[in-house]
Amino acid sequence: MVTEKDVEHIAELADIGINTGELDTFTHQFNAILDYFDVLDLVKGDTTVTRDLTNIMREDTVEPSLPRDEVLKNAAAQEDGFIKAPRVM
Amino acid sequence: MESYELTFEPDDRYNAFLTVCKKAPYSKGKLSGIAVAVKDNISTRGIETTCASKILKGYIPPYDAHAVELLRNSGAAIVGKTNMDEFGMGTTTENSAFGPTLNPCDTGRVPGGSSGGSAAAVASNMVPMALGTDTGGSIRCPAAFCGIVGLKPTYGRVSRYGLIAYANSLEQIGPMGRTVSDVSTLLQVIAGKDRHDSTTYDRPYTHTPVADIKGLKIGIPGEYFGEGVDPKVAGVVKTAIGKLEELGATTVPCSIPSMKFALAAYYVTCTCEASSNLARFDGVRYGPGADSKKSWHEAYKEVRRAGFGTEVRRRIMLGTFALSSGYYGKYYAKAQIARESVKSDFARIFSEVDLIAGPTMPSIAFKLGEKSDPLSMYLSDILTVPANLAGIPAISVPCGKVDSMPVGLQIMGRPFEDERVIDAAYAYEQAVS
Amino acid sequence: MAEDQVIVGLEVHCQLDTKSKLFCGCSTDYRDDGPNTHVCPVCLGLPGAMPVLNKRSIEYAMKVAKALNCTVLHESEFSRKNYFYPDLDKAYQITQYDKPLAEGGYLEIESDEGGERRIQLTRIHVEEDPGRLVHMGNAERGKYSLVDYNRAGIPLIEIVSEPDMRSPKEARKFLNKLRATLEYLSVFDSDKEGSLRVDANISIKGNERVEVKNITSYKGVEKALTYEVTRQKNLIRRGQRIERETRHFIESTGITQSSRSKEQEHDYRYFPEPDLRPLHVQSWVAGIVLPELPDARRERFMAQYGCSLNHARTLTGELKLANFFEKVVAADPKGLSTLAATWIADTLIGELNYRSMNLERVDTAGITELISILKQGTITDKSGIDVLRVMLDQRHNGEPTETPAAIISRLNLAKTTGDNSAILTAIEEAITENPRALEDYRAGKGGALNFLVGQVMKKTRGKADPGELNRLLTEALAKREA
């Protein structure tokens, strides 16, 4: 059973904003879904997961990087070749 | 390479396309000049790719997905990017930030999801073929609801490089078309190992469909015809299976006990992976931009609140919760064990039979706005998610109508026996056409 | 363990010296280039891009694991460490969590008491470096960050020790030994700026442990820990509790400061990386051939070149230095080793440090020549130092370089040999000018002789051979009548 407070905490953890108007509905839906997930508690065992396809690696060869203007093209803000981001407090 | 140009000006009354390429270049090759639509979560160099989300509005990838590169090399004309549920999260394409796509068979109904745009584009004859993606049924569901053919290949058969990830361990790019033959041809182009995708196998697909299923054994799972499946839909599918028997296959009842965990295992897995995959959308390197005047966390939260729709935010939070400290063992770890259960159930069944058949969806296409409760929406994926959990190939082929709406016959096969799945669908299609 | 024993554990991150990044083909040689020029969809974390593991990074990490006596696990895998920060473009770091490449192992260092201490290791794993953040702006214009993703995706090896070190000094020794070992394995270039980062855990026995993060220099580690020991001991003395916390080290002031809770409350929500496949590389261990490692080389220097333990330790403490030494004495190991060991370990290193000069700038041929000249005895040790300084200064300042012989000739530093008259005159003068010293010498005061030696040296401008001078002076003093 998660409370509205729990949902708010999860939203913080996920850095996802929720509008206060949504909180109530979200919490109800959340609980319904989590209740449904409880069926997994019945899953038994410790089955070792099958491991085919292992050791997939590539050789240490250099390949061309993107031209810088391609890198910066989609960035909303840039300065002197750096990408601009809000300051971490 | 010589280059030609296809003029593409469709009458898109269904909102199937988010981006249309009016002048689509193409070259020589197996698919030369064929108009192919690409779902908008597949990266296309120079063409806006949004995943039907505001948070990627304006994003123009500087690279092609591997499947798109193969498509271009085959001479196809990429004519546009199709509408979808935002980031693949949904079963109706109503979760698009740019309006729903309408079902060409009945514009009051949904086309299915999340590859609804691709399905509608094919079903309304705007294009003969399209690429979709299938994480929990997102190719097969719209194929069934719109009355076209759609295949989810074996996991690892088609490269995911360039597919904007929703649930890495479950999804595949796959072909959609009006006929099984077209779907098979498209698969020939896109299947094969890719050095950029460590989860691909060296299993190219070079098959041409053969309409012969004599002697094959087909398992019919009780769970696919039980509670929750519309009896009329079940009836139509049973008739279709009868046709397969006429063609020389024998049917065997079977059971998939792990079905009871399947949906929960699916939703835990995909929301966990999605919560991680979607965390990169902070507006800094692409997207709507973050407000530099705010602090990092404030800006980041705001970009995501404004840019992600409700369903996306819900799934991210579910996934974050399920992975959070103390819950990993209860949810994600258990979900992977449940998956192993599903895989071993299928392995057991496939030691007795060659294929499994049943309905693709438990009902016909819903009316627009009908499924507003998330959990009831999730429950409609119950028949499609097992194939994703097990990584096996699965196709939906039209097999009749209920209340004038198409119904899909789903056929599943052993890993890397996509060829046999195609053949079975082809045999059915040829017999009823 | 003592009541107030210091307990230190280290987590060391080193950039592996591969040509391309950990998960993509971008070149790792980014330091001289502009921001965001060594970036591709994969290391930029563009939607849809996928990682592909660089085989050499695993080979390098396994070499380290074998050299440090770790056990490579049968199955290892990569995991996602999820957190949000502008320099982490996927909002997760691909690292190894519950299935690292290797576990256990140890590194032996010289303990503070003089013996050997075995520092146990917990694990070794491989992970990617994030990008680099530069903070800009001011209060008026608003502060913001600039991000350069050139460093994003550089392969790192993380080596975690058990809390077996007993002092800041031991921590520095551990780090030096580790660095040397990685250099000897040719998997790490310590000259590259920022190629090594250390997080240290320190506690005083019975108290909470404090983490000091992101120390980027070897000296910084000892400084940071020394500061922490003082800080913590002071708190204990005042009866205050040590808080379990994360602090960061400020290189410029030498202090540690409490970090904002950015990292403290983090729930990284680890899960296995679904885009990468597991590693089954335990079978590769047998085939790994290790080169000669620092300890073995030290033993060999003592056996083959007759070096003392201390000299051998110093000389083999850095790969480049060990190679330098061997190259210098190659022409005549028997003849040159003893002198070369002293001059290189005791003198050359000091002179290089003083000039902040890199060993690579020094020409081995010149040093060989200088050592040979010193061996022949044609100049005094003091003159030898002068010559060395001139040689180094010339290189350091980019001036035309001279051979040692040319310098000796030009500065007229050759010892006066055969003809002792100049020295004898100088001796007589020195004794006459300093009657008090003569008295002190007769009274048995040891310092008197040294004083007089110094006076004679001044007069002969250092050209007198000390051994010879001592003998002649003692004779002269004996001859002086009371």
# chains A, B, ... in the order shown; residues from 1 in each chain; ligands from 1
call {"tool": "residues_around", "arguments": {"residues": "Thr251 (chain B)", "least_positions_apart": "4", "cutoff": "8 Å", "atoms": "only C-alpha atoms", "output": "list in words"}}
result
Lys217, Ile218, Gly219, Ile220 and Glu245 of chain B
call {"tool": "closest_atom_pairs", "arguments": {"of": "chain A", "to": "chain C", "cutoff": "12 Å", "atoms": "only C-alpha atoms", "output": "JSON lines"}}
result
{"residue": "A:Ile10", "atom": "CA", "partner": "C:Asp267", "partner_atom": "CA", "distance": 11.1}
{"residue": "A:Glu12", "atom": "CA", "partner": "C:His266", "partner_atom": "CA", "distance": 11.4}
{"residue": "A:Leu13", "atom": "CA", "partner": "C:Asp267", "partner_atom": "CA", "distance": 8.0}
{"residue": "A:Ala14", "atom": "CA", "partner": "C:Tyr83", "partner_atom": "CA", "distance": 9.0}
{"residue": "A:Asp15", "atom": "CA", "partner": "C:Phe84", "partner_atom": "CA", "distance": 8.3}
{"residue": "A:Ile16", "atom": "CA", "partner": "C:Phe84", "partner_atom": "CA", "distance": 11.4}
{"residue": "A:Val49", "atom": "CA", "partner": "C:Pro278", "partner_atom": "CA", "distance": 11.3}
{"residue": "A:Thr50", "atom": "CA", "partner": "C:Pro278", "partner_atom": "CA", "distance": 10.8}
{"residue": "A:Arg51", "atom": "CA", "partner": "C:Pro278", "partner_atom": "CA", "distance": 7.5}
{"residue": "A:Asp52", "atom": "CA", "partner": "C:Arg277", "partner_atom": "CA", "distance": 8.7}
{"residue": "A:Leu53", "atom": "CA", "partner": "C:Arg277", "partner_atom": "CA", "distance": 6.6}
{"residue": "A:Thr54", "atom": "CA", "partner": "C:Pro278", "partner_atom": "CA", "distance": 5.2}
{"residue": "A:Asn55", "atom": "CA", "partner": "C:Leu279", "partner_atom": "CA", "distance": 4.9}
{"residue": "A:Ile56", "atom": "CA", "partner": "C:Arg277", "partner_atom": "CA", "distance": 6.3}
{"residue": "A:Met57", "atom": "CA", "partner": "C:Leu53", "partner_atom": "CA", "distance": 4.8}
{"residue": "A:Arg58", "atom": "CA", "partner": "C:Asn54", "partner_atom": "CA", "distance": 5.2}
{"residue": "A:Glu59", "atom": "CA", "partner": "C:Lys55", "partner_atom": "CA", "distance": 5.7}
{"residue": "A:Asp60", "atom": "CA", "partner": "C:Ser20", "partner_atom": "CA", "distance": 5.7}
{"residue": "A:Thr61", "atom": "CA", "partner": "C:Ser20", "partner_atom": "CA", "distance": 6.0}
{"residue": "A:Val62", "atom": "CA", "partner": "C:Gly25", "partner_atom": "CA", "distance": 4.7}
{"residue": "A:Glu63", "atom": "CA", "partner": "C:Gly25", "partner_atom": "CA", "distance": 4.6}
{"residue": "A:Pro64", "atom": "CA", "partner": "C:Cys26", "partner_atom": "CA", "distance": 6.4}
{"residue": "A:Ser65", "atom": "CA", "partner": "C:Cys40", "partner_atom": "CA", "distance": 5.1}
{"residue": "A:Leu66", "atom": "CA", "partner": "C:Cys40", "partner_atom": "CA", "distance": 5.1}
{"residue": "A:Pro67", "atom": "CA", "partner": "C:Thr37", "partner_atom": "CA", "distance": 6.7}
{"residue": "A:Arg68", "atom": "CA", "partner": "C:Thr37", "partner_atom": "CA", "distance": 5.4}
{"residue": "A:Asp69", "atom": "CA", "partner": "C:Thr37", "partner_atom": "CA", "distance": 9.2}
{"residue": "A:Glu70", "atom": "CA", "partner": "C:Cys40", "partner_atom": "CA", "distance": 9.3}
{"residue": "A:Val71", "atom": "CA", "partner": "C:Asn36", "partner_atom": "CA", "distance": 7.1}
{"residue": "A:Leu72", "atom": "CA", "partner": "C:Asn36", "partner_atom": "CA", "distance": 8.3}
{"residue": "A:Lys73", "atom": "CA", "partner": "C:Asn36", "partner_atom": "CA", "distance": 11.8}
{"residue": "A:Asn74", "atom": "CA", "partner": "C:Leu46", "partner_atom": "CA", "distance": 10.3}
{"residue": "A:Ala75", "atom": "CA", "partner": "C:Val147", "partner_atom": "CA", "distance": 11.3}
{"residue": "A:Ala77", "atom": "CA", "partner": "C:Leu146", "partner_atom": "CA", "distance": 9.7}
{"residue": "A:Gln78", "atom": "CA", "partner": "C:Leu146", "partner_atom": "CA", "distance": 7.8}
{"residue": "A:Glu79", "atom": "CA", "partner": "C:Leu146", "partner_atom": "CA", "distance": 7.5}
{"residue": "A:Asp80", "atom": "CA", "partner": "C:Pro35", "partner_atom": "CA", "distance": 8.2}
{"residue": "A:Gly81", "atom": "CA", "partner": "C:Pro35", "partner_atom": "CA", "distance": 5.7}
{"residue": "A:Phe82", "atom": "CA", "partner": "C:Val147", "partner_atom": "CA", "distance": 5.4}
{"residue": "A:Ile83", "atom": "CA", "partner": "C:Val147", "partner_atom": "CA", "distance": 5.1}
{"residue": "A:Lys84", "atom": "CA", "partner": "C:Leu146", "partner_atom": "CA", "distance": 4.6}
{"residue": "A:Ala85", "atom": "CA", "partner": "C:Ser145", "partner_atom": "CA", "distance": 5.1}
{"residue": "A:Pro86", "atom": "CA", "partner": "C:Tyr144", "partner_atom": "CA", "distance": 4.9}
{"residue": "A:Arg87", "atom": "CA", "partner": "C:Tyr144", "partner_atom": "CA", "distance": 4.1}
{"residue": "A:Val88", "atom": "CA", "partner": "C:Ser145", "partner_atom": "CA", "distance": 7.5}
{"residue": "A:Met89", "atom": "CA", "partner": "C:Arg260", "partner_atom": "CA", "distance": 8.8}
call {"tool": "residues_around", "arguments": {"residues": "Glu193 (chain C)", "least_positions_apart": "4", "cutoff": "10 Å", "atoms": "only C-alpha atoms", "output": "PyMOL selection string"}}
result
chain C and resi 31+189+216-217
call {"tool": "write_last_selection", "arguments": {"atoms": "C-alpha atoms", "output": "CSV table (one decimal), in the first residue's frame"}}
result
chain,number,residue,atom,x,y,z
C,31,ARG,CA,43.3,16.0,-24.0
C,189,ASP,CA,49.8,6.2,-18.5
C,216,THR,CA,43.2,13.5,-8.1
C,217,SER,CA,46.9,13.5,-7.1
call {"tool": "closest_atom_pairs", "arguments": {"of": "chain B", "to": "chain C", "cutoff": "6 Å", "atoms": "only C-alpha atoms", "output": "CSV"}}
result
residue,atom,partner,partner_atom,distance
B:Tyr161,CA,C:Ala49,CA,5.7
B:Gly162,CA,C:Gly48,CA,4.0
B:Leu163,CA,C:Gly48,CA,4.6
B:Ile164,CA,C:Gly48,CA,3.9
B:Ala165,CA,C:Gly48,CA,5.7
B:Ser169,CA,C:Pro274,CA,5.8
B:Ser198,CA,C:Leu276,CA,5.9
B:Ala279,CA,C:Ala91,CA,5.5
B:Arg280,CA,C:Lys90,CA,4.7
B:Leu323,CA,C:Arg269,CA,5.1
B:Ser324,CA,C:Arg269,CA,5.2
call {"tool": "write_last_selection", "arguments": {"atoms": "C-alpha atoms", "output": "short mmCIF file (atom, residue, chain, number, x, y, z; two decimals), in the first residue's frame"}}
result
data_model
loop_
_atom_site.label_atom_id
_atom_site.label_comp_id
_atom_site.auth_asym_id
_atom_site.auth_seq_id
_atom_site.Cartn_x
_atom_site.Cartn_y
_atom_site.Cartn_z
CA TYR B 161 20.74 0.04 -32.80
CA GLY B 162 18.91 3.29 -33.34
CA LEU B 163 15.63 2.11 -31.84
CA ILE B 164 14.94 4.58 -29.07
CA ALA B 165 14.83 2.20 -26.17
CA SER B 169 15.32 -6.95 -23.15
CA SER B 198 25.67 -6.75 -28.82
CA ALA B 279 16.22 9.31 -17.58
CA ARG B 280 18.53 10.75 -20.23
CA LEU B 323 14.14 -0.82 -8.78
CA SER B 324 14.47 1.21 -5.62
#
call {"tool": "closest_residue", "arguments": {"among": "B:Asp197, B:Glu86, B:Asp423, B:Asp12", "to": "Thr50 (chain B)", "atoms": "only C-alpha atoms"}}
result
B:Glu86
call {"tool": "residues_around", "arguments": {"residues": "Lys39 (chain B)", "least_positions_apart": "5", "cutoff": "7 Å", "atoms": "only C-alpha atoms", "output": "list in words"}}
result
Lys81, Thr82, Asn83, Ser115, Ser118, Leu131 and Gly132 of chain B
call {"tool": "residues_around", "arguments": {"residues": "Leu290 (chain C)", "least_positions_apart": "3", "cutoff": "9 Å", "atoms": "only C-alpha atoms", "output": "list of chain:residue names"}}
result
C:Lys63, C:Lys66, C:Ala67, C:Leu185, C:Leu293
call {"tool": "closest_atom_pairs", "arguments": {"of": "chain B", "to": "chain A", "cutoff": "6 Å", "atoms": "only C-alpha atoms", "output": "CSV"}}
result
residue,atom,partner,partner_atom,distance
B:Ala264,CA,A:Phe37,CA,5.1
B:Val284,CA,A:Ala85,CA,5.9
B:Arg285,CA,A:Ala75,CA,4.4
B:Tyr286,CA,A:Asn74,CA,4.7
B:Gly289,CA,A:Ala76,CA,4.9
B:Ser292,CA,A:Pro86,CA,4.2
B:Ser295,CA,A:Arg87,CA,5.4
B:Trp296,CA,A:Pro86,CA,4.8
B:Lys301,CA,A:Asp15,CA,5.1
B:Arg304,CA,A:Ile16,CA,5.8
B:Arg305,CA,A:Gly17,CA,4.6
call {"tool": "select_by_dssp", "arguments": {"residues": "region 215-378 of chain C", "states": "strand (DSSP E)", "output": "PyMOL selection string"}}
result
chain C and resi 215+246-250+255-258+271-272
call {"tool": "select_by_dssp", "arguments": {"residues": "region 15-209 of chain B", "states": "helix (DSSP H, G or I)", "output": "NGL selection string"}}
result
:B and (54-56 or 66-73 or 86-88 or 116-123 or 140-146 or 180-190)
call {"tool": "write_last_selection", "arguments": {"atoms": "N, CA and C atoms", "output": "compact mmCIF listing (two decimals), in the first residue's frame"}}
result
# COMPACT_ATOMS: atom_id res chain seq x y z
N LYS B 54 6.58 15.20 -26.63
CA LYS B 54 7.00 16.60 -26.68
C LYS B 54 8.47 16.73 -26.30
N ILE B 55 8.96 15.79 -25.51
CA ILE B 55 10.33 15.94 -25.02
C ILE B 55 11.37 15.71 -26.11
N LEU B 56 10.91 15.17 -27.27
CA LEU B 56 11.83 15.00 -28.38
C LEU B 56 11.39 15.81 -29.60
N HIS B 66 20.29 0.99 -37.57
CA HIS B 66 20.85 -0.01 -38.47
C HIS B 66 19.79 -0.52 -39.44
N ALA B 67 18.58 -0.76 -38.93
CA ALA B 67 17.50 -1.25 -39.78
C ALA B 67 17.16 -0.22 -40.87
N VAL B 68 17.26 1.05 -40.53
CA VAL B 68 16.97 2.10 -41.52
C VAL B 68 18.08 2.13 -42.58
N GLU B 69 19.31 1.97 -42.14
CA GLU B 69 20.43 1.93 -43.09
C GLU B 69 20.23 0.79 -44.07
N LEU B 70 19.83 -0.37 -43.54
CA LEU B 70 19.58 -1.52 -44.41
C LEU B 70 18.44 -1.24 -45.38
N LEU B 71 17.42 -0.55 -44.84
CA LEU B 71 16.26 -0.20 -45.68
C LEU B 71 16.71 0.71 -46.82
N ARG B 72 17.50 1.72 -46.50
CA ARG B 72 17.99 2.64 -47.53
C ARG B 72 18.82 1.89 -48.55
N ASN B 73 19.69 1.00 -48.04
CA ASN B 73 20.56 0.24 -48.96
C ASN B 73 19.76 -0.67 -49.88
N GLU B 86 3.29 7.32 -27.02
CA GLU B 86 4.52 7.97 -26.60
C GLU B 86 5.53 6.98 -26.04
N PHE B 87 6.72 6.95 -26.66
CA PHE B 87 7.79 6.04 -26.26
C PHE B 87 7.39 4.56 -26.28
N GLY B 88 6.33 4.25 -27.02
CA GLY B 88 5.93 2.84 -27.13
C GLY B 88 5.03 2.39 -26.00
N GLY B 116 0.46 2.13 -33.97
CA GLY B 116 -0.82 2.41 -34.63
C GLY B 116 -0.67 3.17 -35.93
N GLY B 117 0.26 4.12 -35.97
CA GLY B 117 0.45 4.92 -37.18
C GLY B 117 0.90 4.06 -38.34
N SER B 118 1.87 3.18 -38.08
CA SER B 118 2.37 2.29 -39.14
C SER B 118 1.24 1.39 -39.65
N ALA B 119 0.45 0.85 -38.71
CA ALA B 119 -0.64 -0.04 -39.10
C ALA B 119 -1.67 0.69 -39.95
N ALA B 120 -2.06 1.89 -39.52
CA ALA B 120 -3.05 2.67 -40.26
C ALA B 120 -2.53 3.05 -41.64
N ALA B 121 -1.26 3.40 -41.73
CA ALA B 121 -0.68 3.79 -43.01
C ALA B 121 -0.75 2.63 -44.01
N VAL B 122 -0.50 1.42 -43.52
CA VAL B 122 -0.57 0.24 -44.38
C VAL B 122 -2.02 -0.13 -44.67
N ALA B 123 -2.84 -0.14 -43.63
CA ALA B 123 -4.23 -0.57 -43.79
C ALA B 123 -5.00 0.34 -44.74
N ARG B 140 1.88 -6.55 -33.30
CA ARG B 140 0.80 -7.52 -33.52
C ARG B 140 -0.57 -6.95 -33.19
N CYS B 141 -0.66 -6.17 -32.13
CA CYS B 141 -1.96 -5.60 -31.74
C CYS B 141 -2.51 -4.69 -32.83
N PRO B 142 -1.78 -3.67 -33.29
CA PRO B 142 -2.34 -2.84 -34.36
C PRO B 142 -2.56 -3.61 -35.66
N ALA B 143 -1.70 -4.60 -35.92
CA ALA B 143 -1.93 -5.42 -37.12
C ALA B 143 -3.29 -6.11 -37.00
N ALA B 144 -3.58 -6.66 -35.83
CA ALA B 144 -4.86 -7.35 -35.62
C ALA B 144 -6.03 -6.36 -35.71
N PHE B 145 -5.90 -5.24 -35.04
CA PHE B 145 -7.00 -4.26 -34.99
C PHE B 145 -7.26 -3.61 -36.34
N CYS B 146 -6.24 -3.48 -37.19
CA CYS B 146 -6.42 -2.83 -38.49
C CYS B 146 -6.55 -3.81 -39.65
N VAL B 180 1.55 -11.40 -46.20
CA VAL B 180 2.64 -12.12 -45.52
C VAL B 180 3.91 -12.04 -46.36
N SER B 181 3.72 -12.10 -47.66
CA SER B 181 4.87 -12.04 -48.58
C SER B 181 5.65 -10.74 -48.41
N ASP B 182 4.91 -9.61 -48.35
CA ASP B 182 5.56 -8.32 -48.16
C ASP B 182 6.30 -8.27 -46.82
N VAL B 183 5.66 -8.79 -45.80
CA VAL B 183 6.28 -8.80 -44.47
C VAL B 183 7.56 -9.62 -44.50
N SER B 184 7.52 -10.74 -45.21
CA SER B 184 8.70 -11.59 -45.31
C SER B 184 9.82 -10.88 -46.05
N THR B 185 9.47 -10.19 -47.15
CA THR B 185 10.49 -9.46 -47.93
C THR B 185 11.14 -8.37 -47.08
N LEU B 186 10.32 -7.67 -46.34
CA LEU B 186 10.88 -6.61 -45.48
C LEU B 186 11.80 -7.21 -44.41
N LEU B 187 11.43 -8.35 -43.88
CA LEU B 187 12.28 -9.00 -42.87
C LEU B 187 13.62 -9.41 -43.48
N GLN B 188 13.59 -9.84 -44.74
CA GLN B 188 14.86 -10.19 -45.41
C GLN B 188 15.83 -9.01 -45.37
N VAL B 189 15.28 -7.83 -45.55
CA VAL B 189 16.12 -6.64 -45.60
C VAL B 189 16.70 -6.27 -44.23
N ILE B 190 15.88 -6.39 -43.20
CA ILE B 190 16.33 -5.83 -41.91
C ILE B 190 16.96 -6.83 -40.94
call {"tool": "closest_atom_pairs", "arguments": {"of": "region 315-354 of chain B", "to": "region 381-394 of chain B", "cutoff": "7 Å", "atoms": "only C-alpha atoms", "output": "Markdown table"}}
result
| residue | atom | partner | partner_atom | distance |
| --- | --- | --- | --- | --- |
| B:Arg339 | CA | B:Leu389 | CA | 5.7 |
| B:Val342 | CA | B:Ala390 | CA | 6.2 |
| B:Lys343 | CA | B:Ala390 | CA | 4.7 |
call {"tool": "atom_distance", "arguments": {"atom1": "CA of Asn420 (chain C)", "atom2": "CA of Gly444 (chain C)"}}
result
26.7 Å
call {"tool": "residues_around", "arguments": {"residues": "Phe225 (chain B)", "least_positions_apart": "5", "cutoff": "9 Å", "atoms": "only C-alpha atoms", "output": "PyMOL selection string"}}
result
chain B and resi 220+230-231+234+358-359+362
call {"tool": "write_last_selection", "arguments": {"atoms": "N, CA and C atoms", "output": "PDB file, in the first residue's frame"}}
result
ATOM      1  N   ILE B 220      -2.582 -25.443 -28.994  1.00  0.00           N
ATOM      2  CA  ILE B 220      -3.634 -24.452 -28.741  1.00  0.00           C
ATOM      3  C   ILE B 220      -3.726 -24.251 -27.230  1.00  0.00           C
ATOM      4  N   ASP B 230     -12.942 -12.298 -25.609  1.00  0.00           N
ATOM      5  CA  ASP B 230     -14.279 -12.163 -26.177  1.00  0.00           C
ATOM      6  C   ASP B 230     -14.649 -13.446 -26.931  1.00  0.00           C
ATOM      7  N   PRO B 231     -15.740 -14.084 -26.552  1.00  0.00           N
ATOM      8  CA  PRO B 231     -16.128 -15.365 -27.185  1.00  0.00           C
ATOM      9  C   PRO B 231     -16.290 -15.262 -28.703  1.00  0.00           C
ATOM     10  N   ALA B 234     -12.850 -15.352 -30.035  1.00  0.00           N
ATOM     11  CA  ALA B 234     -12.358 -16.727 -29.887  1.00  0.00           C
ATOM     12  C   ALA B 234     -12.950 -17.611 -30.975  1.00  0.00           C
ATOM     13  N   GLY B 358      -3.421 -18.860 -31.580  1.00  0.00           N
ATOM     14  CA  GLY B 358      -4.504 -18.329 -30.750  1.00  0.00           C
ATOM     15  C   GLY B 358      -4.844 -16.933 -31.219  1.00  0.00           C
ATOM     16  N   PRO B 359      -5.737 -16.262 -30.542  1.00  0.00           N
ATOM     17  CA  PRO B 359      -6.031 -14.878 -30.923  1.00  0.00           C
ATOM     18  C   PRO B 359      -4.842 -13.971 -30.594  1.00  0.00           C
ATOM     19  N   PRO B 362      -7.541 -10.004 -27.081  1.00  0.00           N
ATOM     20  CA  PRO B 362      -8.746 -10.574 -26.468  1.00  0.00           C
ATOM     21  C   PRO B 362     -10.051  -9.952 -26.978  1.00  0.00           C
TER      22      PRO B 362
END
call {"tool": "closest_residue", "arguments": {"among": "B:Thr133, B:Ile349, B:Arg195, B:Glu298", "to": "Ser255 (chain B)", "atoms": "only C-alpha atoms"}}
result
B:Ile349
call {"tool": "residues_around", "arguments": {"residues": "Ser308 (chain C)", "least_positions_apart": "4", "cutoff": "10 Å", "atoms": "only C-alpha atoms", "output": "mmCIF file with C-alpha atoms, in the first residue's frame"}}
result
data_model
loop_
_atom_site.group_PDB
_atom_site.id
_atom_site.type_symbol
_atom_site.label_atom_id
_atom_site.label_comp_id
_atom_site.auth_asym_id
_atom_site.auth_seq_id
_atom_site.Cartn_x
_atom_site.Cartn_y
_atom_site.Cartn_z
ATOM 1 C CA ARG C 298 63.631 -4.606 -7.467
ATOM 2 C CA GLU C 299 65.040 -7.997 -6.534
ATOM 3 C CA PHE C 301 68.331 -4.735 -9.471
ATOM 4 C CA MET C 302 69.751 -5.811 -6.133
ATOM 5 C CA ALA C 303 71.083 -9.081 -7.519
ATOM 6 C CA ALA C 312 66.418 -0.522 -5.815
ATOM 7 C CA ARG C 313 63.092 0.481 -4.371
ATOM 8 C CA THR C 314 63.417 4.035 -5.592
ATOM 9 C CA THR C 338 76.958 1.500 -8.057
ATOM 10 C CA ALA C 341 72.311 4.059 -8.584
ATOM 11 C CA THR C 342 73.411 6.702 -6.116
#
call {"tool": "closest_residue", "arguments": {"among": "B:Gly112, B:Thr7, B:Pro209, B:Gln172", "to": "Gly408 (chain B)", "atoms": "only C-alpha atoms"}}
result
B:Gly112
